[in-house]
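> Have a peek at entry-v9.txt (compact mmCIF, C-alpha atoms).
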```txt
# COMPACT_ATOMS: atom_id res chain seq x y z
CA MET P 1493 39.78 35.17 29.11
CA PHE P 1494 39.01 32.51 26.55
CA VAL P 1495 41.21 29.44 26.27
CA GLY P 1496 41.10 27.09 23.26
CA LYS P 1497 39.33 27.47 19.98
CA ARG P 1498 35.56 27.47 19.93
CA PRO P 1499 33.88 25.91 16.82
CA ARG P 1500 32.41 28.48 14.48
CA GLY P 1501 28.75 29.26 14.96
CA LEU P 1502 28.60 27.41 18.26
CA LYS P 1503 27.52 29.50 21.21
CA VAL P 1504 28.54 28.19 24.57
CA LYS P 1505 25.99 28.54 27.32
CA PRO P 1506 27.82 27.93 30.59
CA PRO P 1507 26.01 26.58 33.61
CA PRO P 1508 24.55 29.25 35.87
CA ALA P 1509 26.94 30.47 38.53
CA THR P 1510 25.94 29.68 42.09
CA THR P 1511 26.23 31.93 45.10
CA GLU P 1512 27.42 30.89 48.51
CA ASN P 1513 23.86 29.98 49.61
CA GLY P 1514 23.28 27.70 46.55
CA GLY P 1515 21.18 30.12 44.46
CA THR P 1516 22.09 31.59 41.10
CA ASN P 1517 23.38 35.07 40.52
CA GLY P 1518 21.21 37.63 38.77
CA ALA P 1519 20.77 37.75 35.00
CA GLY P 1520 23.79 38.79 32.98
CA SER P 1521 26.34 37.94 35.66
CA GLY P 1522 26.79 34.26 34.59
CA ASN P 1523 29.80 34.66 32.25
CA LYS P 1524 31.56 37.29 34.27
CA ASN P 1525 31.68 35.25 37.46
CA LEU P 1526 32.98 31.99 35.92
CA SER P 1527 36.51 30.97 36.53
CA PRO P 1528 38.67 29.92 33.57
CA LEU P 1529 38.34 26.29 34.68
CA GLN P 1530 34.54 26.50 34.72
CA ARG P 1531 34.57 28.04 31.25
CA LEU P 1532 36.77 25.25 29.94
CA GLN P 1533 34.47 22.65 31.52
CA ALA P 1534 31.41 24.29 29.98
CA GLU P 1535 33.08 24.39 26.59
CA GLU P 1536 34.04 20.73 26.89
CA ARG P 1537 30.48 19.75 27.77
CA GLU P 1538 29.23 21.71 24.75
CA ARG P 1539 31.78 20.01 22.47
CA GLN P 1540 30.72 16.59 23.75
CA ARG P 1541 27.05 17.39 23.16
CA PHE P 1542 27.84 18.62 19.67
CA ALA P 1543 29.88 15.45 18.95
CA ARG P 1544 26.99 13.23 20.12
CA GLU P 1545 24.52 15.11 17.93
CA TYR P 1546 26.88 14.86 14.97
CA GLU P 1547 27.34 11.09 15.46
CA LEU P 1548 23.57 10.60 15.62
CA ARG P 1549 23.13 12.63 12.46
CA VAL P 1550 25.81 10.61 10.63
CA GLU P 1551 24.22 7.30 11.73
CA GLU P 1552 20.81 8.47 10.53
CA GLU P 1553 22.29 9.45 7.15
CA LYS P 1554 23.92 6.00 6.84
CA LYS P 1555 20.62 4.27 7.62
CA ARG P 1556 18.79 6.45 5.11
CA ALA P 1557 21.40 5.67 2.44
CA GLU P 1558 21.12 1.91 3.17
CA ARG P 1559 17.32 2.07 2.87
CA GLU P 1560 17.65 3.90 -0.44
CA VAL P 1561 20.08 1.28 -1.76
CA GLN P 1562 17.67 -1.51 -0.71
CA ARG P 1563 14.72 0.28 -2.34
CA VAL P 1564 16.61 0.74 -5.61
CA ALA P 1565 17.72 -2.90 -5.59
CA TRP P 1566 14.15 -4.06 -4.92
CA GLU P 1567 12.75 -1.91 -7.74
CA ARG P 1568 15.46 -3.15 -10.10
CA SER P 1569 14.73 -6.80 -9.26
CA ARG P 1570 10.99 -6.19 -9.66
CA ALA P 1571 11.56 -4.65 -13.09
CA GLU P 1572 13.76 -7.59 -14.08
CA ARG P 1573 11.10 -10.09 -12.93
CA ARG P 1574 8.42 -8.28 -14.93
CA LYS P 1575 10.63 -8.21 -18.00
CA ALA P 1576 11.36 -11.94 -17.66
CA GLU P 1577 7.62 -12.68 -17.30
CA ARG P 1578 6.82 -10.64 -20.41
CA LEU P 1579 9.51 -12.42 -22.39
CA ALA P 1580 8.25 -15.81 -21.21
CA ARG P 1581 4.68 -14.91 -22.18
CA ALA P 1582 5.83 -13.66 -25.57
CA ALA P 1583 7.84 -16.85 -26.12
CA ARG P 1584 4.86 -19.02 -25.17
CA SER P 1585 2.48 -17.12 -27.42
CA SER P 1586 4.90 -17.07 -30.37
CA SER P 1587 5.76 -20.76 -30.00
CA SER P 1588 2.09 -21.74 -29.82
CA SER P 1589 1.17 -19.57 -32.81
CA ALA P 1590 4.20 -20.76 -34.82
CA SER P 1591 3.53 -24.44 -34.18
CA SER P 1592 -0.06 -24.37 -35.39
CA SER P 1593 -2.12 -22.04 -37.50
CA PRO P 1594 -4.50 -19.83 -35.54
CA SER P 1595 -7.60 -21.86 -36.21
CA SER P 1596 -10.76 -21.97 -34.18
CA SER P 1597 -9.94 -25.48 -32.93
CA SER P 1598 -6.62 -24.38 -31.39
CA ARG P 1599 -8.26 -21.35 -29.79
CA GLY P 1600 -11.01 -23.52 -28.38
CA ARG P 1601 -8.45 -25.98 -27.03
CA ALA P 1602 -6.52 -23.14 -25.31
CA ALA P 1603 -9.72 -21.77 -23.79
CA ARG P 1604 -10.65 -25.23 -22.48
CA GLN P 1605 -7.19 -25.67 -20.98
CA ARG P 1606 -7.45 -22.27 -19.29
CA ARG P 1607 -10.92 -23.11 -18.01
CA PHE P 1608 -9.76 -26.33 -16.37
CA LEU P 1609 -6.89 -24.48 -14.72
CA LEU P 1610 -9.33 -22.03 -13.14
CA GLY P 1611 -11.80 -24.69 -12.01
CA PRO P 1612 -15.47 -25.16 -12.80
CA ARG P 1613 -17.52 -22.22 -13.98
CA PRO P 1614 -19.94 -20.82 -11.39
CA ARG P 1615 -23.66 -21.31 -11.91
CA VAL P 1616 -26.44 -19.02 -10.67
CA PHE P 1617 -30.19 -18.88 -11.18
CA LEU P 1618 -33.03 -16.38 -11.08
CA GLU P 1619 -36.54 -17.40 -10.11
CA ILE P 1620 -39.08 -15.38 -12.08
CA GLU P 1621 -42.80 -14.82 -11.56
CA LEU P 1622 -45.13 -13.28 -14.13
CA ARG P 1623 -47.88 -11.31 -12.44
CA GLN P 1624 -50.98 -9.50 -13.62
CA LEU P 1625 -50.85 -5.73 -13.77
CA GLN P 1626 -51.81 -3.95 -10.57
CA ALA P 1627 -54.94 -1.92 -10.49
CA LYS P 1628 -54.49 1.70 -9.51
CA GLY P 1629 -54.84 2.35 -5.80
CA ILE P 1630 -54.36 -1.31 -4.80
CA ALA P 1631 -51.19 -1.91 -2.81
CA GLU P 1632 -51.13 -5.69 -3.30
CA PRO P 1633 -49.31 -7.15 -6.30
CA GLY P 1634 -51.32 -8.90 -8.99
CA ALA P 1635 -51.96 -12.64 -9.11
CA VAL P 1636 -49.18 -14.94 -10.32
CA GLU P 1637 -49.73 -16.10 -13.89
CA ALA P 1638 -46.55 -18.15 -14.38
CA LYS P 1639 -43.39 -19.13 -12.50
CA GLY P 1640 -40.03 -20.18 -13.84
CA ARG P 1641 -36.33 -20.47 -13.20
CA MET P 1642 -33.50 -19.19 -15.38
CA ASP P 1643 -30.13 -20.96 -14.93
CA PHE P 1644 -26.89 -19.24 -15.94
CA GLU P 1645 -23.40 -20.65 -16.34
CA LEU P 1646 -21.02 -17.74 -15.84
CA LEU P 1647 -17.91 -17.50 -18.03
CA SER P 1648 -15.41 -16.68 -15.30
CA ASP P 1649 -12.45 -17.63 -17.50
CA VAL P 1650 -13.49 -15.12 -20.18
CA VAL P 1651 -14.89 -12.15 -18.21
CA PRO P 1652 -14.00 -12.66 -14.53
CA ARG P 1653 -14.98 -9.21 -13.21
CA THR P 1654 -18.38 -9.19 -14.91
CA THR P 1655 -18.98 -12.74 -13.73
CA GLU P 1656 -18.22 -11.88 -10.14
CA ASN P 1657 -20.44 -8.77 -10.22
CA PHE P 1658 -23.39 -10.71 -11.66
CA ARG P 1659 -22.89 -13.56 -9.16
CA GLN P 1660 -22.93 -11.09 -6.26
CA LEU P 1661 -26.13 -9.48 -7.53
CA CYS P 1662 -27.80 -12.90 -7.90
CA THR P 1663 -26.76 -14.15 -4.46
CA GLY P 1664 -27.12 -10.83 -2.61
CA GLN P 1665 -23.50 -10.93 -1.38
CA ASN P 1666 -22.74 -7.45 -2.67
CA ALA P 1667 -20.82 -5.06 -0.40
CA ARG P 1668 -23.45 -2.35 -0.95
CA GLY P 1669 -26.34 -4.71 -0.32
CA LEU P 1670 -27.53 -4.66 -3.94
CA HIS P 1671 -29.42 -7.69 -5.31
CA PHE P 1672 -32.00 -8.75 -7.86
CA ARG P 1673 -34.54 -9.96 -5.29
CA GLY P 1674 -37.92 -8.31 -5.77
CA CYS P 1675 -36.78 -6.26 -8.77
CA PRO P 1676 -39.47 -5.91 -11.44
CA PHE P 1677 -38.43 -5.88 -15.08
```
Can the structure from this file be put into structure tokens for me?

Amino acid sequence: MFVGKRPRGLKVKPPPATTENGGTNGAGSGNKNLSPLQRLQAEERERQRFAREYELRVEEEKKRAEREVQRVAWERSRAERRKAERLARAARSSSSSASSSPSSSSRGRAARQRRFLLGPRPRVFLEIELRQLQAKGIAEPGAVEAKGRMDFELLSDVVPRTTENFRQLCTGQNARGLHFRGCPF
């Protein structure tokens, strides 16, 4: 006998029936030996478990929806910031070009202003030796004919990536261990 309405698609698995000595009955005899009260209790436990699972699922969906709203708001604000920065840059460039003709003196002045904002330009040097040609079969390098030093001021405000690469090769601070030391040319 079944009392109450069972939710669709939900199979109730009642607790195993116990015998007088505390053990369970054989397989297949679990439902037949339950009293109506035990069936109702099993159904109630199943409904409670289902309700807990449903509440957890609903909470997770709410959290996911909140995260999505936050992500969309963040992306929207990021797009607005980028748009405002582009407009500000365009306004600065148009106002500077409208106020003075694009002459070499104004470009030079802007480059100097940019340079002072970035700080001093880095300087590197290469020490060079001119040697005699090696004779075949001799492992030692030839005698030094002349020595010199080449100084470079790197234009970090114009080509920052190239400047940094060349500086690393000159100082030997490259991540791959590359450097100009001992390189013939």
> Figure out the distance between CA of Arg1574 in chain P and CA of Gln1562 in chain P, please, to one decimal in Å.
18.3 Å
> Tell me, in Å to one decimal, how far CA of Leu1661 in chain P is from CA of Cys1675 in chain P.
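Spanning CA of Leu1661 in chain P to CA of Cys1675 in chain P is a straight-line distance of 11.2 Å.
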> What is the distance between CA of Glu1656 in chain P and CA of Lys1639 in chain P, in Å to one decimal?
26.3 Å
> Which residue gives the smallest distance to Arg1641 in chain P among P:Glu1551, P:Leu1622, P:Gln1665, P:Arg1653, with all atoms listed in the file counted?
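Of all the options, P:Leu1622 lies closest to Arg1641 in chain P.
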> Place N, CA and C atoms on range 1521-1552 of chain P and deliver the coordinates as a PDB file, in the frame of the given file.

```
ATOM      1  N   SER P1521      25.103  38.073  34.908  1.00  0.00           N
ATOM      2  CA  SER P1521      26.340  37.940  35.660  1.00  0.00           C
ATOM      3  C   SER P1521      26.931  36.545  35.532  1.00  0.00           C
ATOM      4  N   GLY P1522      26.340  35.647  34.695  1.00  0.00           N
ATOM      5  CA  GLY P1522      26.790  34.260  34.590  1.00  0.00           C
ATOM      6  C   GLY P1522      28.181  34.130  34.010  1.00  0.00           C
ATOM      7  N   ASN P1523      28.501  34.790  32.890  1.00  0.00           N
ATOM      8  CA  ASN P1523      29.800  34.660  32.250  1.00  0.00           C
ATOM      9  C   ASN P1523      30.894  35.384  33.014  1.00  0.00           C
ATOM     10  N   LYS P1524      30.553  36.468  33.600  1.00  0.00           N
ATOM     11  CA  LYS P1524      31.560  37.290  34.270  1.00  0.00           C
ATOM     12  C   LYS P1524      32.107  36.601  35.522  1.00  0.00           C
ATOM     13  N   ASN P1525      31.282  35.839  36.193  1.00  0.00           N
ATOM     14  CA  ASN P1525      31.680  35.250  37.460  1.00  0.00           C
ATOM     15  C   ASN P1525      32.293  33.865  37.325  1.00  0.00           C
ATOM     16  N   LEU P1526      32.417  33.335  36.094  1.00  0.00           N
ATOM     17  CA  LEU P1526      32.980  31.990  35.920  1.00  0.00           C
ATOM     18  C   LEU P1526      34.501  32.054  35.939  1.00  0.00           C
ATOM     19  N   SER P1527      35.048  31.060  36.547  1.00  0.00           N
ATOM     20  CA  SER P1527      36.510  30.970  36.530  1.00  0.00           C
ATOM     21  C   SER P1527      36.942  30.364  35.205  1.00  0.00           C
ATOM     22  N   PRO P1528      38.205  30.515  34.829  1.00  0.00           N
ATOM     23  CA  PRO P1528      38.670  29.920  33.570  1.00  0.00           C
ATOM     24  C   PRO P1528      38.438  28.410  33.519  1.00  0.00           C
ATOM     25  N   LEU P1529      38.579  27.735  34.652  1.00  0.00           N
ATOM     26  CA  LEU P1529      38.340  26.290  34.680  1.00  0.00           C
ATOM     27  C   LEU P1529      36.884  25.970  34.389  1.00  0.00           C
ATOM     28  N   GLN P1530      35.973  26.724  34.972  1.00  0.00           N
ATOM     29  CA  GLN P1530      34.540  26.500  34.720  1.00  0.00           C
ATOM     30  C   GLN P1530      34.202  26.767  33.262  1.00  0.00           C
ATOM     31  N   ARG P1531      34.804  27.769  32.668  1.00  0.00           N
ATOM     32  CA  ARG P1531      34.570  28.040  31.250  1.00  0.00           C
ATOM     33  C   ARG P1531      35.049  26.874  30.387  1.00  0.00           C
ATOM     34  N   LEU P1532      36.243  26.388  30.696  1.00  0.00           N
ATOM     35  CA  LEU P1532      36.770  25.250  29.940  1.00  0.00           C
ATOM     36  C   LEU P1532      35.860  24.028  30.086  1.00  0.00           C
ATOM     37  N   GLN P1533      35.373  23.777  31.289  1.00  0.00           N
ATOM     38  CA  GLN P1533      34.470  22.650  31.520  1.00  0.00           C
ATOM     39  C   GLN P1533      33.168  22.820  30.740  1.00  0.00           C
ATOM     40  N   ALA P1534      32.642  24.032  30.730  1.00  0.00           N
ATOM     41  CA  ALA P1534      31.410  24.290  29.980  1.00  0.00           C
ATOM     42  C   ALA P1534      31.627  24.094  28.494  1.00  0.00           C
ATOM     43  N   GLU P1535      32.782  24.587  28.006  1.00  0.00           N
ATOM     44  CA  GLU P1535      33.080  24.390  26.590  1.00  0.00           C
ATOM     45  C   GLU P1535      33.225  22.912  26.247  1.00  0.00           C
ATOM     46  N   GLU P1536      33.862  22.164  27.129  1.00  0.00           N
ATOM     47  CA  GLU P1536      34.040  20.730  26.890  1.00  0.00           C
ATOM     48  C   GLU P1536      32.697  20.002  26.871  1.00  0.00           C
ATOM     49  N   ARG P1537      31.821  20.366  27.782  1.00  0.00           N
ATOM     50  CA  ARG P1537      30.480  19.750  27.770  1.00  0.00           C
ATOM     51  C   ARG P1537      29.750  20.064  26.463  1.00  0.00           C
ATOM     52  N   GLU P1538      29.876  21.315  25.999  1.00  0.00           N
ATOM     53  CA  GLU P1538      29.230  21.710  24.750  1.00  0.00           C
ATOM     54  C   GLU P1538      29.818  20.953  23.572  1.00  0.00           C
ATOM     55  N   ARG P1539      31.140  20.779  23.545  1.00  0.00           N
ATOM     56  CA  ARG P1539      31.780  20.010  22.470  1.00  0.00           C
ATOM     57  C   ARG P1539      31.303  18.555  22.490  1.00  0.00           C
ATOM     58  N   GLN P1540      31.185  17.978  23.649  1.00  0.00           N
ATOM     59  CA  GLN P1540      30.720  16.590  23.750  1.00  0.00           C
ATOM     60  C   GLN P1540      29.278  16.467  23.256  1.00  0.00           C
ATOM     61  N   ARG P1541      28.438  17.420  23.631  1.00  0.00           N
ATOM     62  CA  ARG P1541      27.050  17.390  23.160  1.00  0.00           C
ATOM     63  C   ARG P1541      26.991  17.510  21.646  1.00  0.00           C
ATOM     64  N   PHE P1542      27.795  18.425  21.125  1.00  0.00           N
ATOM     65  CA  PHE P1542      27.840  18.620  19.670  1.00  0.00           C
ATOM     66  C   PHE P1542      28.329  17.343  18.982  1.00  0.00           C
ATOM     67  N   ALA P1543      29.346  16.684  19.537  1.00  0.00           N
ATOM     68  CA  ALA P1543      29.880  15.450  18.950  1.00  0.00           C
ATOM     69  C   ALA P1543      28.822  14.348  18.964  1.00  0.00           C
ATOM     70  N   ARG P1544      28.058  14.239  20.063  1.00  0.00           N
ATOM     71  CA  ARG P1544      26.990  13.230  20.120  1.00  0.00           C
ATOM     72  C   ARG P1544      25.928  13.499  19.065  1.00  0.00           C
ATOM     73  N   GLU P1545      25.513  14.760  18.944  1.00  0.00           N
ATOM     74  CA  GLU P1545      24.520  15.110  17.930  1.00  0.00           C
ATOM     75  C   GLU P1545      25.026  14.807  16.535  1.00  0.00           C
ATOM     76  N   TYR P1546      26.299  15.112  16.283  1.00  0.00           N
ATOM     77  CA  TYR P1546      26.880  14.860  14.970  1.00  0.00           C
ATOM     78  C   TYR P1546      26.916  13.356  14.677  1.00  0.00           C
ATOM     79  N   GLU P1547      27.309  12.545  15.650  1.00  0.00           N
ATOM     80  CA  GLU P1547      27.340  11.090  15.460  1.00  0.00           C
ATOM     81  C   GLU P1547      25.946  10.540  15.159  1.00  0.00           C
ATOM     82  N   LEU P1548      24.943  11.040  15.878  1.00  0.00           N
ATOM     83  CA  LEU P1548      23.570  10.600  15.620  1.00  0.00           C
ATOM     84  C   LEU P1548      23.129  10.975  14.210  1.00  0.00           C
ATOM     85  N   ARG P1549      23.482  12.179  13.798  1.00  0.00           N
ATOM     86  CA  ARG P1549      23.130  12.630  12.460  1.00  0.00           C
ATOM     87  C   ARG P1549      23.805  11.771  11.392  1.00  0.00           C
ATOM     88  N   VAL P1550      25.071  11.437  11.585  1.00  0.00           N
ATOM     89  CA  VAL P1550      25.810  10.610  10.630  1.00  0.00           C
ATOM     90  C   VAL P1550      25.195   9.205  10.561  1.00  0.00           C
ATOM     91  N   GLU P1551      24.851   8.630  11.713  1.00  0.00           N
ATOM     92  CA  GLU P1551      24.220   7.300  11.730  1.00  0.00           C
ATOM     93  C   GLU P1551      22.892   7.317  10.995  1.00  0.00           C
ATOM     94  N   GLU P1552      22.107   8.363  11.206  1.00  0.00           N
ATOM     95  CA  GLU P1552      20.810   8.470  10.530  1.00  0.00           C
ATOM     96  C   GLU P1552      21.002   8.576   9.016  1.00  0.00           C
TER      97      GLU P1552
END
```
